[in-house]
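Working notes for the structure below.
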Amino acid sequence: MRYFKLLDDMELNDRWLPGEAMNSQGQELDDIWQFADGCPIQFNERVRIPIGHPGRIVDYSVTSVGGAPVVHQRVASVFTELAPDEVQVIPVDVDGQSDPYFILVATRTLRCIDDQESAEVLYWKPEDGRPEKTGRYRSVMGMRIDTTKVGDAKVFRPWGWTGVLIVSEDIKDALERSGATGMAFREVTGPSEVSPQQREHNRKLQALYDRTETARTAFWRTLGTLDEKAILPIVVGGGWPARRQVWRVIHRPEGRTLFVTDGLSDFFVDAVEPSVGFGLELALETDEPQAKWPVTLLERIANELVGHEHLREPARTGLLSMEVDGEHMPEPLLTKEGRVAVLLGMDTPTLPSHFTMPDGQVRLVTVKTLMPRELTYLLEHGREELLHRFNQSPPGHLAQAWRQPVV
């Protein structure tokens with residue numbers, strides 16, 4: 001039997017988007033994830049679904065109700081007729097709609113994902129710092145299931161990756177015959193999406209990712225408490241060695257926070273060979289609580305280094321001063337031209353200058369923000385003179401937006 005992921009069709013133009021599910025008192029529901037746990041639930045409250053984004057009403061929509069679908073009666077009827085023991089349908093009130101709508105709950109979870117045939121699967125590991133997730137899927141791309149582990153099931157969610165709803169081919173056909181709108185299907189049986197050659201390529205890439213990330217994360221933990229919950233922009237693409245731009249936050253003694261780039265020392269993804277990439281990572285330490293600007297500043301500095309090879313060598317081996325765009329940066333740091341100046345590579349006894357990766361040494365390049373008067377002094381007297389003044393007021397490497405200039 002063939003099986004398919006049942007998806008919300010987001011390619012439909014001008015379609016509606018349901019809002020946050022609420023109870024009869026207008027409060028958002030608690031424990032909404034029970035609707036997508038893949039097991040029977042006990043639920044007696046009346047649910048209201050507001051319209052989050054107005055548009056053409058469709059018969060199948062996935063809302064924030066734990067990723068469970070809100071479906072029109074014509075969709076619910078297909079499921080209750082063909083798979084009555086595998087679903088629950090819970091009545092809901094959809095704003096502005098007199099027709100019956102329901103939350104569709106799949107009541108079965110099956111351990112059936114085929115790791116070997118899927119394009120890529122990643123698991124949560126103990127070192128990820130999420131013990132409640134360890135051993136479960138972190139990512140599943142190009143999913144394929146093992147039908148020998150499914151039996152005669154028609155509707156279910158896969159164990160460890162329950163955000164996906166899977167239906168059998170006869171249910172897919174019945175839904176399509178019903179004329180219901182808002183659905184898309186993607187097969188999870190049949191030949192894999194990737195060739196053996198591409199799979200081997202992906203395996204090598206993943207091994208390099210794991211090798212690099214494990215070693216670098218272990219080093220970050222020697223510097224303080226790695227913040228596992230910090231949400232920083234993660235950008236895919238650009239000129240970083242492995243085409244992933246990541247920033248990490250490390251909490252240090254005395255209320256200091258260390259912001260670091262996490263990817264300039266990745267391997268070069270095109271070569272698929274071990275390396276330390278550009279051989280450096282940026283580190284900005286501040287004692288200003290709740291500061292948000294350091295990530296923006298690190299991103300702009302990193303982009304300059306990535307885009308200009310002639311800047312990377314002095315950053316990797318010595319001192320480098322540079323200016324970057326000052327938009328959305330603290331006002332005291334801005335020059336008359338609206339830019340921010342920094343000094344890269346200042347040594348400090350409180351941070352190591354280098355760390356060892358499996359494939360070589362990486363320089364930890366400190367980032368020191370310069371006040372406009374300090375930039376003028378640097379241009380007139382040189383970096384070494386300014387560095388000497390910073391060293392007279394330890395810890396001189398701290399990046400601060402609100403301080404007095406040392407000149």
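By convention in this document, the chains of the structure tokens carry letters A, B, ... by their order, each chain's residues are numbered from 1, and ligands are numbered from 1 in the order they are shown.
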- Task: Determine, counting only C-alpha atoms, which protein, DNA and RNA residues have an atom within 10 Å of an atom of A:Leu17; residues of the same chain fewer than 4 positions away are not included. Present the result as a ChimeraX atom specification.
- Result: /A:10,50-58,61-63
* Asked: Using only C-alpha atoms, which residues sit within 12 Å of stretch 19-27 of chain A once same-chain residues fewer than 2 positions away are excluded, as a count of residues only?
  -> 36
| said: Which residues are close to A:Arg108, i.e. within 7 Å by only C-alpha atoms, leaving aside same-chain residues fewer than 3 positions away? Reply as JSON, numbers by chain. | reply: {"A": [38, 39, 86, 156, 157]}
DSSP says helix (DSSP H, G or I) for which residues of stretch 200-348 of chain A? Put them as a ChimeraX atom specification?
/A:200-222,253-255,293-307,309-317,331-333
Requested in this report: Fewer than 6 positions away in the same chain doesn't count, so skip those; otherwise give me all residues within 10 Å of A:Gly255, counting only C-alpha atoms, as a ChimeraX atom specification.
Outcome: /A:286-289
Near-A:Tyr123 list (12 Å; only C-alpha atoms; drop same-chain fewer than 6 positions) as a PyMOL selection string:
chain A and resi 115+130-131+133-140+160-161+206+210
Please provide as a short mmCIF file (atom, residue, chain, number, x, y, z; two decimals) with N, CA, C and O atoms, in the first residue's frame all residues within 12 Å of A:Leu334, with the sequence filter that same-chain residues fewer than 2 positions apart are discarded (counting only C-alpha atoms).
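Saved to selection-v9.cif:
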```cif
data_model
loop_
_atom_site.label_atom_id
_atom_site.label_comp_id
_atom_site.auth_asym_id
_atom_site.auth_seq_id
_atom_site.Cartn_x
_atom_site.Cartn_y
_atom_site.Cartn_z
N GLU A 323 35.74 49.51 9.99
CA GLU A 323 34.47 50.16 10.26
C GLU A 323 33.36 49.40 9.53
O GLU A 323 33.58 48.88 8.44
N VAL A 324 32.18 49.36 10.15
CA VAL A 324 31.03 48.73 9.54
C VAL A 324 29.82 49.65 9.66
O VAL A 324 29.85 50.64 10.41
N ASP A 325 28.78 49.33 8.95
CA ASP A 325 27.55 50.11 8.97
C ASP A 325 27.00 50.19 10.39
O ASP A 325 26.96 49.19 11.12
N GLY A 326 26.56 51.38 10.80
CA GLY A 326 26.10 51.59 12.17
C GLY A 326 24.59 51.60 12.34
O GLY A 326 24.11 51.96 13.42
N GLU A 327 23.85 51.18 11.34
CA GLU A 327 22.39 51.19 11.47
C GLU A 327 21.94 50.29 12.63
O GLU A 327 22.41 49.17 12.77
N HIS A 328 21.03 50.81 13.46
CA HIS A 328 20.48 50.11 14.62
C HIS A 328 21.53 49.81 15.69
O HIS A 328 21.33 48.93 16.53
N MET A 329 22.63 50.55 15.69
CA MET A 329 23.66 50.38 16.70
C MET A 329 23.55 51.49 17.73
O MET A 329 22.98 52.55 17.47
N PRO A 330 24.11 51.30 18.95
CA PRO A 330 24.01 52.33 20.00
C PRO A 330 24.61 53.66 19.54
O PRO A 330 25.70 53.69 18.94
N GLU A 331 23.94 54.73 19.87
CA GLU A 331 24.34 56.05 19.39
C GLU A 331 25.75 56.46 19.80
O GLU A 331 26.48 57.05 19.01
N PRO A 332 26.21 56.14 21.04
CA PRO A 332 27.56 56.57 21.42
C PRO A 332 28.67 55.99 20.54
O PRO A 332 29.77 56.54 20.51
N LYS A 336 30.58 60.30 12.81
CA LYS A 336 29.80 61.31 12.10
C LYS A 336 29.20 60.74 10.83
O LYS A 336 28.16 61.21 10.35
N GLU A 337 29.85 59.73 10.27
CA GLU A 337 29.36 59.10 9.04
C GLU A 337 28.35 57.99 9.31
O GLU A 337 27.90 57.30 8.38
N GLY A 338 28.01 57.78 10.59
CA GLY A 338 27.04 56.76 10.93
C GLY A 338 27.59 55.35 10.88
O GLY A 338 26.85 54.40 10.60
N ARG A 339 28.87 55.20 11.18
CA ARG A 339 29.50 53.89 11.17
C ARG A 339 30.02 53.54 12.56
O ARG A 339 30.06 54.39 13.46
N VAL A 340 30.41 52.28 12.74
CA VAL A 340 30.96 51.82 14.01
C VAL A 340 32.34 51.24 13.74
O VAL A 340 32.51 50.42 12.83
N ALA A 341 33.32 51.66 14.54
CA ALA A 341 34.69 51.17 14.38
C ALA A 341 34.98 50.10 15.43
O ALA A 341 34.48 50.15 16.56
N VAL A 342 35.81 49.13 15.04
CA VAL A 342 36.19 48.05 15.95
C VAL A 342 37.66 47.74 15.79
O VAL A 342 38.26 47.99 14.74
N THR A 369 34.88 47.31 20.61
CA THR A 369 34.24 48.48 20.01
C THR A 369 35.05 49.74 20.34
O THR A 369 35.56 49.89 21.44
N LEU A 370 35.14 50.65 19.38
CA LEU A 370 35.87 51.91 19.56
C LEU A 370 34.90 53.07 19.61
O LEU A 370 33.97 53.17 18.80
N MET A 371 35.13 53.97 20.56
CA MET A 371 34.39 55.22 20.57
C MET A 371 34.94 56.11 19.45
O MET A 371 36.10 55.96 19.03
N PRO A 372 34.14 57.02 18.90
CA PRO A 372 34.62 57.85 17.80
C PRO A 372 35.96 58.55 18.08
O PRO A 372 36.83 58.63 17.21
N ARG A 373 36.16 59.06 19.31
CA ARG A 373 37.44 59.72 19.63
C ARG A 373 38.59 58.73 19.59
O ARG A 373 39.72 59.08 19.22
N GLU A 374 38.32 57.47 19.95
CA GLU A 374 39.37 56.46 19.92
C GLU A 374 39.75 56.11 18.48
O GLU A 374 40.92 55.84 18.18
N LEU A 375 38.78 56.12 17.59
CA LEU A 375 39.08 55.88 16.18
C LEU A 375 39.98 56.99 15.64
O LEU A 375 40.96 56.72 14.92
N ALA A 401 29.12 49.95 24.82
CA ALA A 401 28.58 51.10 24.10
C ALA A 401 28.49 52.32 25.00
O ALA A 401 28.41 53.45 24.50
N TRP A 402 28.50 52.10 26.32
CA TRP A 402 28.28 53.20 27.24
C TRP A 402 29.48 53.29 28.19
O TRP A 402 29.48 52.71 29.27
#
```
Show me, as a list in words, the residues that have an atom within 10 Å of A:Gly239 when counting only C-alpha atoms, minus same-chain residues fewer than 4 positions from it. Arg243, Arg244, Gln245, Leu264, Phe268, Ala302, Asn303, Leu305, Val306 and Gly307 of chain A
Restricting to only C-alpha atoms, whichever of A:Val407, A:Leu386, A:Val75, A:Leu110 is closest to A:Leu175 is A:Val75
Between atom CA of A:Glu285 and atom CA of A:Glu385 lies a distance of 21.9 Å
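Going from atom CA of A:Phe267 over to atom CA of A:His354, you cover 17.3 Å.
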One residue among A:Ile113, A:Met183, A:Ala230, A:Val150 is nearest to A:Asp9 when using only C-alpha atoms, and that residue is A:Met183
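Interatomic distance, atom CA of A:Arg177 against atom CA of A:Phe79: 13.2 Å.
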